[in-house]
Every structure is written in structure tokens, then in C-alpha cells.
>>> print(open('upload_24.tsv').read())   # TSV, C-alpha atoms and all ligand atoms
chain	number	residue	atom	x	y	z
A	1	MET	CA	21.62	0.51	-36.84
A	2	PRO	CA	20.73	3.87	-35.24
A	3	LEU	CA	18.87	3.95	-31.91
A	4	VAL	CA	15.15	3.37	-32.37
A	5	SER	CA	12.59	5.25	-30.31
A	6	MET	CA	11.01	3.36	-27.43
A	7	LYS	CA	7.65	4.76	-28.51
A	8	ARG	CA	8.05	3.22	-31.94
A	9	LEU	CA	8.93	-0.18	-30.43
A	10	MET	CA	5.95	-0.05	-28.05
A	11	ASN	CA	3.52	1.01	-30.77
A	12	HIS	CA	4.67	-1.82	-33.02
A	13	ALA	CA	4.22	-4.25	-30.14
A	14	LEU	CA	0.75	-2.90	-29.36
A	15	ALA	CA	-0.35	-3.11	-32.99
A	16	ASN	CA	0.96	-6.67	-33.31
A	17	LYS	CA	-0.18	-7.96	-29.91
A	18	TYR	CA	3.16	-8.71	-28.30
A	19	ALA	CA	5.31	-6.92	-25.72
A	20	VAL	CA	8.80	-5.55	-26.05
A	21	GLY	CA	11.07	-6.27	-23.09
A	22	TYR	CA	13.13	-3.82	-21.09
A	23	PHE	CA	15.90	-5.88	-19.51
A	24	GLU	CA	17.77	-3.89	-16.91
A	25	ALA	CA	21.55	-4.15	-17.05
A	26	TRP	CA	24.18	-3.05	-14.53
A	27	ASN	CA	27.50	-3.42	-16.35
A	28	MET	CA	28.99	-4.17	-19.76
A	29	ASP	CA	28.52	-7.96	-19.57
A	30	SER	CA	24.87	-7.67	-18.72
A	31	ILE	CA	23.97	-5.07	-21.34
A	32	LEU	CA	25.80	-7.09	-23.99
A	33	ALA	CA	23.96	-10.21	-22.83
A	34	VAL	CA	20.62	-8.51	-23.45
A	35	VAL	CA	21.64	-7.61	-26.99
A	36	ASP	CA	23.04	-11.15	-27.53
A	37	ALA	CA	19.61	-12.51	-26.63
A	38	ALA	CA	17.76	-10.03	-28.85
A	39	GLU	CA	20.02	-10.86	-31.80
A	40	MET	CA	19.70	-14.62	-31.20
A	41	THR	CA	15.92	-14.31	-31.35
A	42	ASN	CA	15.74	-11.53	-33.96
A	43	SER	CA	13.82	-9.32	-31.53
A	44	PRO	CA	13.55	-5.61	-30.88
A	45	VAL	CA	14.64	-4.80	-27.35
A	46	ILE	CA	14.92	-1.98	-24.83
A	47	ILE	CA	18.27	-1.93	-23.06
A	48	GLY	CA	19.34	0.35	-20.25
A	49	PHE	CA	20.24	0.94	-16.65
A	50	GLY	CA	18.40	1.66	-13.40
A	51	GLY	CA	18.90	5.27	-12.33
A	52	GLN	CA	18.11	4.40	-8.71
A	53	PHE	CA	21.02	1.94	-8.66
A	54	ILE	CA	23.51	4.13	-10.51
A	55	GLY	CA	22.62	7.03	-8.22
A	56	SER	CA	22.15	4.97	-5.05
A	57	MET	CA	23.13	6.65	-1.78
A	58	LYS	CA	24.74	3.32	-0.82
A	59	ARG	CA	27.37	3.65	-3.56
A	60	THR	CA	30.89	3.87	-2.20
A	61	ILE	CA	32.20	5.04	-5.58
A	62	LYS	CA	30.13	7.71	-7.35
A	63	GLU	CA	29.20	6.80	-10.91
A	64	ASN	CA	29.12	9.04	-13.95
A	65	ILE	CA	25.98	8.68	-16.07
A	66	TYR	CA	27.93	9.69	-19.19
A	67	HIS	CA	29.82	6.39	-19.11
A	68	TYR	CA	26.57	4.42	-18.98
A	69	GLY	CA	24.89	6.47	-21.71
A	70	SER	CA	27.88	6.31	-24.06
A	71	LEU	CA	28.32	2.57	-23.51
A	72	GLY	CA	24.61	1.85	-24.04
A	73	LYS	CA	24.41	4.04	-27.14
A	74	SER	CA	27.45	2.43	-28.73
A	75	ILE	CA	26.12	-1.07	-28.06
A	76	ALA	CA	22.64	-0.16	-29.34
A	77	GLU	CA	24.00	1.41	-32.51
A	78	ASN	CA	26.08	-1.66	-33.28
A	79	ALA	CA	23.24	-4.13	-32.74
A	80	LYS	CA	21.69	-6.07	-35.60
A	81	VAL	CA	18.18	-5.55	-34.20
A	82	PRO	CA	16.22	-2.38	-33.30
A	83	VAL	CA	17.22	-1.13	-29.86
A	84	ALA	CA	16.00	1.71	-27.60
A	85	LEU	CA	18.08	2.90	-24.64
A	86	LEU	CA	16.26	3.71	-21.38
A	87	LEU	CA	17.50	5.41	-18.22
A	88	ASN	CA	14.94	3.84	-15.92
A	89	GLU	CA	13.49	4.97	-12.58
A	90	ALA	CA	15.94	7.71	-11.69
A	91	HIS	CA	15.19	9.75	-8.58
A	92	ASP	CA	17.43	12.56	-9.77
A	93	ILE	CA	16.28	15.04	-12.43
A	94	ALA	CA	19.83	16.20	-13.18
A	95	MET	CA	20.85	12.60	-13.85
A	96	LEU	CA	18.01	12.27	-16.37
A	97	ILE	CA	18.97	15.46	-18.21
A	98	ASN	CA	22.62	14.40	-18.28
A	99	GLY	CA	21.43	10.98	-19.42
A	100	LEU	CA	19.76	12.57	-22.44
A	101	LYS	CA	23.04	14.37	-23.22
A	102	ALA	CA	24.92	11.09	-22.82
A	103	GLY	CA	22.77	9.28	-25.37
A	104	PHE	CA	19.76	7.69	-23.66
A	105	ASN	CA	16.71	8.09	-25.91
A	106	ALA	CA	14.17	7.28	-23.19
A	107	ILE	CA	14.00	8.35	-19.55
A	108	MET	CA	11.83	7.73	-16.51
A	109	TYR	CA	11.63	9.73	-13.28
A	110	GLU	CA	10.42	8.05	-10.10
A	111	ASP	CA	9.58	9.55	-6.71
A	112	HIS	CA	6.74	8.31	-4.52
A	113	GLY	CA	7.28	10.95	-1.85
A	114	ILE	CA	5.85	13.92	-3.78
A	115	SER	CA	2.34	15.14	-4.61
A	116	LEU	CA	0.55	14.49	-7.90
A	117	ASN	CA	0.94	18.15	-8.86
A	118	GLU	CA	4.68	18.05	-8.25
A	119	LEU	CA	4.95	14.83	-10.27
A	120	ILE	CA	3.03	16.49	-13.10
A	121	ASP	CA	5.30	19.56	-13.07
A	122	ILE	CA	8.47	17.44	-13.13
A	123	ASN	CA	7.19	15.25	-15.93
A	124	LYS	CA	6.05	18.25	-18.00
A	125	TYR	CA	9.59	19.59	-17.78
A	126	LEU	CA	11.09	16.19	-18.65
A	127	VAL	CA	8.71	15.72	-21.60
A	128	ARG	CA	9.58	19.19	-22.98
A	129	THR	CA	13.29	18.51	-22.67
A	130	ALA	CA	13.24	14.89	-23.85
A	131	HIS	CA	11.00	15.56	-26.83
A	132	TYR	CA	13.28	18.43	-27.86
A	133	CYS	CA	16.12	15.84	-27.91
A	134	GLY	CA	13.99	13.28	-29.79
A	135	ALA	CA	13.66	11.08	-26.68
A	136	ASP	CA	10.65	9.56	-24.91
A	137	VAL	CA	9.41	9.76	-21.34
A	138	GLU	CA	7.85	7.03	-19.23
A	139	ALA	CA	6.23	7.72	-15.85
A	140	GLU	CA	4.40	5.75	-13.19
A	141	ILE	CA	1.07	6.48	-11.53
A	142	GLY	CA	0.27	4.50	-8.41
A	143	GLU	CA	3.10	2.74	-6.63
A	144	LEU	CA	4.45	-0.77	-7.10
A	145	PRO	CA	5.10	-2.58	-3.82
A	146	ASN	CA	8.73	-3.63	-3.29
A	147	ALA	CA	9.64	-7.12	-2.07
A	148	ASP	CA	12.62	-7.53	0.26
A	149	ILE	CA	14.09	-11.03	0.13
A	150	SER	CA	16.20	-10.45	3.25
A	151	THR	CA	13.13	-9.89	5.46
A	152	GLY	CA	10.45	-11.63	3.38
A	153	SER	CA	8.37	-8.44	3.53
A	154	ILE	CA	6.50	-6.64	0.76
A	155	SER	CA	5.80	-2.90	1.05
A	156	GLN	CA	2.30	-1.48	0.81
A	157	GLY	CA	2.23	0.10	-2.66
A	158	ARG	CA	-0.85	1.68	-4.24
A	159	LYS	CA	-2.74	0.46	-7.29
A	160	THR	CA	-3.11	2.85	-10.22
A	161	ASP	CA	-6.29	4.90	-10.12
A	162	PRO	CA	-7.62	5.06	-13.72
A	163	ASP	CA	-9.00	8.62	-13.46
A	164	GLU	CA	-5.84	9.95	-11.86
A	165	ALA	CA	-3.76	8.16	-14.50
A	166	ALA	CA	-5.84	9.56	-17.38
A	167	TYR	CA	-5.55	13.09	-15.95
A	168	PHE	CA	-1.78	12.68	-15.48
A	169	VAL	CA	-1.24	11.49	-19.06
A	170	GLU	CA	-3.39	14.31	-20.45
A	171	GLU	CA	-1.52	16.96	-18.43
A	172	THR	CA	2.02	15.75	-19.04
A	173	CYS	CA	1.93	14.29	-22.59
A	174	ILE	CA	4.21	11.42	-21.47
A	175	ASP	CA	4.86	8.61	-23.97
A	176	ALA	CA	4.29	5.52	-21.78
A	177	LEU	CA	2.62	4.84	-18.46
A	178	ALA	CA	3.84	2.28	-15.92
A	179	VAL	CA	0.97	0.95	-13.85
A	180	SER	CA	0.55	-0.72	-10.50
A	181	VAL	CA	-1.90	-3.59	-11.04
A	182	GLY	CA	-0.81	-6.15	-8.48
A	183	ASN	CA	2.74	-6.42	-9.87
A	184	VAL	CA	5.58	-6.24	-7.35
A	185	HIS	CA	9.19	-5.12	-7.83
A	186	LEU	CA	12.04	-7.52	-6.85
A	187	LEU	CA	9.73	-10.44	-6.10
A	188	GLU	CA	11.68	-13.72	-6.23
A	189	ASN	CA	10.19	-16.37	-3.99
A	190	LYS	CA	6.53	-16.10	-4.97
A	191	LYS	CA	4.43	-14.71	-7.76
A	192	SER	CA	2.29	-11.59	-7.83
A	193	ASP	CA	-1.47	-11.56	-8.41
A	194	LEU	CA	-2.28	-9.38	-11.39
A	195	ASP	CA	-5.57	-7.46	-11.41
A	196	PHE	CA	-6.72	-8.16	-14.96
A	197	GLU	CA	-9.95	-6.16	-14.55
A	198	LEU	CA	-7.91	-3.07	-13.68
A	199	ILE	CA	-5.64	-3.66	-16.69
A	200	LYS	CA	-8.73	-3.76	-18.95
A	201	ILE	CA	-10.06	-0.49	-17.49
A	202	LEU	CA	-6.68	1.20	-17.81
A	203	ARG	CA	-6.23	0.06	-21.39
A	204	LYS	CA	-9.59	1.62	-22.30
A	205	LYS	CA	-8.94	4.90	-20.47
A	206	ILE	CA	-5.25	5.56	-21.12
A	207	LYS	CA	-4.20	6.77	-24.54
A	208	VAL	CA	-0.49	5.89	-24.32
A	209	PRO	CA	1.22	2.45	-24.20
A	210	LEU	CA	1.05	0.71	-20.80
A	211	VAL	CA	4.09	-0.74	-19.07
A	212	LEU	CA	4.25	-3.62	-16.61
A	213	HIS	CA	7.20	-3.47	-14.20
A	214	GLY	CA	8.27	-6.31	-11.90
A	215	GLY	CA	8.60	-8.99	-14.61
A	216	THR	CA	10.66	-11.24	-12.32
A	217	GLY	CA	7.67	-11.97	-10.09
A	218	ILE	CA	5.01	-12.68	-12.72
A	219	LEU	CA	4.05	-16.13	-13.98
A	220	PRO	CA	4.52	-16.68	-17.74
A	221	GLU	CA	0.79	-17.34	-18.26
A	222	ASN	CA	-0.06	-14.10	-16.45
A	223	LEU	CA	2.46	-12.19	-18.54
A	224	LYS	CA	0.79	-13.57	-21.66
A	225	GLU	CA	-2.68	-12.62	-20.41
A	226	ALA	CA	-1.52	-9.10	-19.55
A	227	ILE	CA	-0.08	-8.74	-23.06
A	228	LYS	CA	-3.37	-9.94	-24.55
A	229	LEU	CA	-5.08	-7.18	-22.59
A	230	GLY	CA	-2.76	-4.55	-24.03
A	231	MET	CA	0.46	-4.36	-21.98
A	232	CYS	CA	3.12	-3.68	-24.59
A	233	LYS	CA	6.32	-3.17	-22.57
A	234	ILE	CA	7.48	-5.40	-19.73
A	235	ASN	CA	10.38	-4.65	-17.39
A	236	VAL	CA	12.61	-7.41	-16.07
A	237	GLY	CA	15.49	-6.93	-13.68
A	238	THR	CA	16.10	-8.95	-10.53
A	239	ILE	CA	16.02	-12.41	-12.11
A	240	LEU	CA	18.88	-11.40	-14.42
A	241	LYS	CA	21.14	-10.39	-11.54
A	242	ARG	CA	20.18	-13.58	-9.69
A	243	GLY	CA	21.14	-15.71	-12.71
A	244	TYR	CA	24.45	-13.85	-13.05
A	245	LEU	CA	25.22	-14.42	-9.36
A	246	LYS	CA	24.27	-18.10	-9.48
A	247	SER	CA	26.48	-18.68	-12.49
A	248	ILE	CA	29.48	-17.10	-10.72
A	249	GLN	CA	28.71	-18.98	-7.51
A	250	SER	CA	28.60	-22.35	-9.24
A	251	TYR	CA	31.80	-21.56	-11.16
A	252	LEU	CA	33.61	-20.77	-7.90
A	253	ASN	CA	32.26	-23.98	-6.33
A	254	ASP	CA	33.44	-26.08	-9.28
A	255	HIS	CA	36.93	-24.63	-9.88
A	256	GLU	CA	40.16	-24.40	-7.90
A	257	VAL	CA	40.65	-20.78	-8.92
A	258	ASP	CA	43.85	-20.35	-6.89
A	259	MET	CA	45.50	-22.94	-9.13
A	260	MET	CA	44.32	-21.37	-12.40
A	261	ASP	CA	45.60	-18.58	-14.64
A	262	PRO	CA	43.52	-15.52	-13.60
A	263	HIS	CA	43.38	-14.38	-17.24
A	264	ASP	CA	41.57	-17.60	-18.09
A	265	ILE	CA	39.04	-16.88	-15.35
A	266	ILE	CA	38.52	-13.23	-16.21
A	267	GLY	CA	39.17	-11.41	-19.44
A	268	ARG	CA	40.26	-13.97	-22.02
A	269	GLY	CA	36.72	-14.97	-22.94
A	270	GLY	CA	37.50	-18.64	-23.49
A	271	GLU	CA	35.65	-21.73	-22.25
A	272	LEU	CA	37.00	-21.17	-18.75
A	273	ASP	CA	35.98	-17.51	-18.50
A	274	MET	CA	33.73	-17.08	-15.47
A	275	LEU	CA	32.19	-13.80	-16.61
A	276	SER	CA	31.51	-15.06	-20.14
A	277	GLY	CA	29.53	-17.89	-18.53
A	278	ALA	CA	27.64	-15.39	-16.40
A	279	ARG	CA	26.89	-13.30	-19.49
A	280	GLU	CA	25.51	-16.39	-21.23
A	281	SER	CA	23.28	-17.16	-18.27
A	282	VAL	CA	21.79	-13.64	-18.48
A	283	ALA	CA	21.24	-14.03	-22.22
A	284	ASP	CA	19.50	-17.41	-21.68
A	285	GLU	CA	17.10	-15.82	-19.21
A	286	VAL	CA	16.35	-12.92	-21.56
A	287	VAL	CA	15.64	-15.35	-24.42
A	288	LYS	CA	13.03	-17.11	-22.24
A	289	PHE	CA	11.24	-13.81	-21.57
A	290	ILE	CA	11.42	-12.71	-25.22
A	291	LYS	CA	9.65	-15.94	-26.19
A	292	ILE	CA	6.97	-15.45	-23.54
A	293	PHE	CA	6.46	-11.86	-24.73
A	294	GLY	CA	5.84	-13.04	-28.33
A	295	CYS	CA	8.62	-10.70	-29.44
A	296	GLU	CA	10.74	-13.26	-31.28
A	297	ASN	CA	11.29	-12.60	-35.01
A	298	MET	CA	9.70	-9.15	-34.84
A	299	ALA	CA	12.93	-7.22	-35.47
A	300	HIS	CA	12.79	-7.22	-39.26
A	301	LEU	CA	9.15	-5.99	-39.23
A	302	ILE	CA	10.07	-2.69	-37.57
B	1	LIG	P1	12.03	-6.88	-11.36
B	1	LIG	O1	13.39	-6.60	-10.84
B	1	LIG	O2	11.07	-7.22	-10.27
B	1	LIG	O3	12.02	-7.85	-12.48
B	1	LIG	O4	11.48	-5.51	-11.94
B	1	LIG	C1	12.26	-4.82	-12.83
B	1	LIG	C2	11.64	-3.53	-13.13
B	1	LIG	O5	10.44	-3.37	-13.09
B	1	LIG	C3	12.54	-2.43	-13.49
B	1	LIG	O6	11.83	-1.28	-13.76
>>> encode(input="upload_24.tsv", output="C-alpha cells")
Amino acid sequence: MPLVSMKRLMNHALANKYAVGYFEAWNMDSILAVVDAAEMTNSPVIIGFGGQFIGSMKRTIKENIYHYGSLGKSIAENAKVPVALLLNEAHDIAMLINGLKAGFNAIMYEDHGISLNELIDINKYLVRTAHYCGADVEAEIGELPNADISTGSISQGRKTDPDEAAYFVEETCIDALAVSVGNVHLLENKKSDLDFELIKILRKKIKVPLVLHGGTGILPENLKEAIKLGMCKINVGTILKRGYLKSIQSYLNDHEVDMMDPHDIIGRGGELDMLSGARESVADEVVKFIKIFGCENMAHLI
């Protein structure tokens, strides 16, 4: 089926008191795993890639956003459930514009080092361009803290100010607002403390759908409460990569790979395929979140 707009998926979720998941992929296995999970549960889903990872300064091989957009669009259009395709949290405006050309139908710019006025100007430009292409724009006001598992530290962050957020939405005409309400990006070893009072205030003040990032570090009961209070899109990333890694690690522990046919390990897709197993582990994790989000069996209603 053709790509479905992220706005349409979020509005359906809001009206029916559930949340649609954005599950961040990084390669073909992982993006297919997300769609596997959505099809298994008959759920709408938002698939996509993280612009900050594709465009990371640490990359030793430069990536081309066209490959990611074309791959995502083809997978979305061949899915049996409604799918939107998001280029998430890119720090690079040119990447976002090229992403729209490549087929993404939702984009999000992120930069915490600029002023509110600069952020407004950039988002106005992105909204004009994206809406012209029939795509949606998400933006963030406030700043999510980032956890760093290697040091155990969590950065400062800044909670979303409701007045600033309302002004930003009014000025830019964005389609969805990501908020900082105690949620933390990349949090694996503990759980974040959500500020439910702030969510209630934001829901009353902000006219567009609200988005909760940092799904990995939020307890299921807190996710459910946040959805009850009006969060209608939830982003999940780190836990999917962790599951993929663990699956590969346990495969390598359990098999004498030097004594096996490499085509059985990679590429044939049989019982012994290491990457098929890793793909299944990502799909299993996504299914768990879809059930928590109340999104199961919503596909045919859209
Ligand atoms: P986690 O990696 O913490 O789940 O957050 C993902 C996210 O918010 C992507 O935008």
C-alpha cells in the first residue's frame, strides 16, 4: 500500500487512545524486522532511520541518504499495514531535503546549539518544503538528556517549557512536537522518571500531536500512563540495537563458525542464519512495544 502520512497515523492514534511506534532502524534487516512485527500484529507503524547516525562525523564511510530513502520507501509500499517513513533527528538540513527527494514522508531536524529564533526559522523552511512534497515535520522543544552507558553519566537536558512550545508550534506550523518530560535518550540500565503533570499541561496547550522519545528507558506502565494522557507517538531505538547485538553474540558463542559454511551463517536465510535470528530478535522486541502502545489490530481501521 502507498506510504501513509505520519500525521494521519498520529491523529488516528490520538483519537483512539493508543500510540503509534517509531522504531529506528539502521540497516535492511532491522527495517524489515520492524515491518515484520507490524504485520504480525496488524499494526500501523512508523519506520525510518536516525539522521544523526547516518550523518555521524564518526563514520569512516560516508553514507548516501538516497539509498536509505529508496529502501525505506520500497519496504513501506510493499507492507500489508499502513506505514510512514521518517528521517529522524538529522542535524543537517541538506540531508533532510535530500531525504524528502529520496522518499521519506516525514522529517525531523535537531540542533540544541542554536537559539529559539534560529530553530523557528529552520523549521519554517522545512515545513514549507515538506508540506509542498506532502510530507510532515516533527520538531523538539526542550532537550532530552542523553545517557552514556560507557561512563554511566546522563547529560543535563532541559524540560519543555509549555509557553515556549506553544509559541514555537504556532510560529512554525509543524505537525508533531517531541517533548522533554523526564524521558532520556539511550537509557539502558535504569528507567526515567516521567513528569506526568507536565505532560498534562502540554497536552492542553499544544495543538499538534505530542511525541515521546527515549522509549528504551521507560517502564511499560509509564508508557501506558503517558499514552492515556495524550502521547500518541513513541520513539524506540537503543533496545533494538542491543537485542540485535545480543542475538549475534549468543550465536557466535554457541557455534563453531570456522567449521561452518559461511553461506549458512550469512545470506541463505535458513535455520542457521545468524542475521535472520538477529532480525527475529528485533521483531520480537517491536511486538512487545506495539502491545504496550495499544496499537495492535489498528491497521485495518486506518
Ligand atoms: P531510545 O534509543 O532511548 O529508545 O530513543 C530512541 C529515540 O527517541 C529516537 O528518536
>>> atom_distance(input="upload_24.tsv", atom1="CA of His12 (chain A)", atom2="CA of Gly294 (chain A)")
12.2 Å
>>> residues_near_ligand(input="upload_24.tsv", ligand="ligand LIG 1 (chain B)", cutoff="8 Å", atoms="all atoms listed in the file", output="PDB file with C-alpha atoms, keeping the file's coordinate frame")
ATOM      1  CA  TYR A  22      13.130  -3.820 -21.090  1.00  0.00           C
ATOM      2  CA  PHE A  23      15.900  -5.880 -19.510  1.00  0.00           C
ATOM      3  CA  GLU A  24      17.770  -3.890 -16.910  1.00  0.00           C
ATOM      4  CA  GLY A  50      18.400   1.660 -13.400  1.00  0.00           C
ATOM      5  CA  ASN A  88      14.940   3.840 -15.920  1.00  0.00           C
ATOM      6  CA  GLU A  89      13.490   4.970 -12.580  1.00  0.00           C
ATOM      7  CA  VAL A 184       5.580  -6.240  -7.350  1.00  0.00           C
ATOM      8  CA  HIS A 185       9.190  -5.120  -7.830  1.00  0.00           C
ATOM      9  CA  LEU A 186      12.040  -7.520  -6.850  1.00  0.00           C
ATOM     10  CA  LEU A 187       9.730 -10.440  -6.100  1.00  0.00           C
ATOM     11  CA  GLU A 188      11.680 -13.720  -6.230  1.00  0.00           C
ATOM     12  CA  LEU A 212       4.250  -3.620 -16.610  1.00  0.00           C
ATOM     13  CA  HIS A 213       7.200  -3.470 -14.200  1.00  0.00           C
ATOM     14  CA  GLY A 214       8.270  -6.310 -11.900  1.00  0.00           C
ATOM     15  CA  GLY A 215       8.600  -8.990 -14.610  1.00  0.00           C
ATOM     16  CA  THR A 216      10.660 -11.240 -12.320  1.00  0.00           C
ATOM     17  CA  GLY A 217       7.670 -11.970 -10.090  1.00  0.00           C
ATOM     18  CA  ILE A 234       7.480  -5.400 -19.730  1.00  0.00           C
ATOM     19  CA  ASN A 235      10.380  -4.650 -17.390  1.00  0.00           C
ATOM     20  CA  VAL A 236      12.610  -7.410 -16.070  1.00  0.00           C
ATOM     21  CA  GLY A 237      15.490  -6.930 -13.680  1.00  0.00           C
ATOM     22  CA  THR A 238      16.100  -8.950 -10.530  1.00  0.00           C
ATOM     23  CA  ILE A 239      16.020 -12.410 -12.110  1.00  0.00           C
ATOM     24  CA  LEU A 240      18.880 -11.400 -14.420  1.00  0.00           C
TER      25      LEU A 240
END
>>> residues_around(input="upload_24.tsv", residues="Ala130 (chain A)", least_positions_apart="3", cutoff="8 Å", atoms="only C-alpha atoms", output="MDAnalysis selection string")
chainID A and resid 100 105:107 126:127 133:137
>>> write_last_selection(input="upload_24.tsv", atoms="C-alpha atoms", output="short mmCIF file (atom, residue, chain, number, x, y, z; two decimals), in the frame of the given file")
data_model
loop_
_atom_site.label_atom_id
_atom_site.label_comp_id
_atom_site.auth_asym_id
_atom_site.auth_seq_id
_atom_site.Cartn_x
_atom_site.Cartn_y
_atom_site.Cartn_z
CA LEU A 100 19.76 12.57 -22.44
CA ASN A 105 16.71 8.09 -25.91
CA ALA A 106 14.17 7.28 -23.19
CA ILE A 107 14.00 8.35 -19.55
CA LEU A 126 11.09 16.19 -18.65
CA VAL A 127 8.71 15.72 -21.60
CA CYS A 133 16.12 15.84 -27.91
CA GLY A 134 13.99 13.28 -29.79
CA ALA A 135 13.66 11.08 -26.68
CA ASP A 136 10.65 9.56 -24.91
CA VAL A 137 9.41 9.76 -21.34
#
>>> atom_distance(input="upload_24.tsv", atom1="CA of Gly99 (chain A)", atom2="CA of Gln52 (chain A)")
13.0 Å
>>> closest_residue(input="upload_24.tsv", among="A:Tyr68, A:Tyr244, A:Tyr109, A:Phe293", to="Ala278 (chain A)", atoms="all atoms listed in the file")
A:Tyr244
>>> axis_aligned_box(input="upload_24.tsv", around="region 227-232 of chain A", padding_each_side="4 Å", output="AutoDock Vina command-line options")
--center_x -1.0 --center_y -6.8 --center_z -23.3 --size_x 16.2 --size_y 14.3 --size_z 10.6
>>> closest_residue(input="upload_24.tsv", among="A:Met40, A:Met28, A:Ala165, A:Met231", to="Val287 (chain A)", atoms="only C-alpha atoms")
A:Met40
>>> residues_around(input="upload_24.tsv", residues="Asp161 (chain A)", least_positions_apart="2", cutoff="8 Å", atoms="all atoms listed in the file", output="list in words")
Ile141, Gly142, Lys159, Asp163, Glu164 and Ala165 of chain A
>>> closest_residue(input="upload_24.tsv", among="A:Cys295, A:Ile302, A:Val83, A:Ala37", to="Ile227 (chain A)", atoms="all atoms listed in the file")
A:Cys295
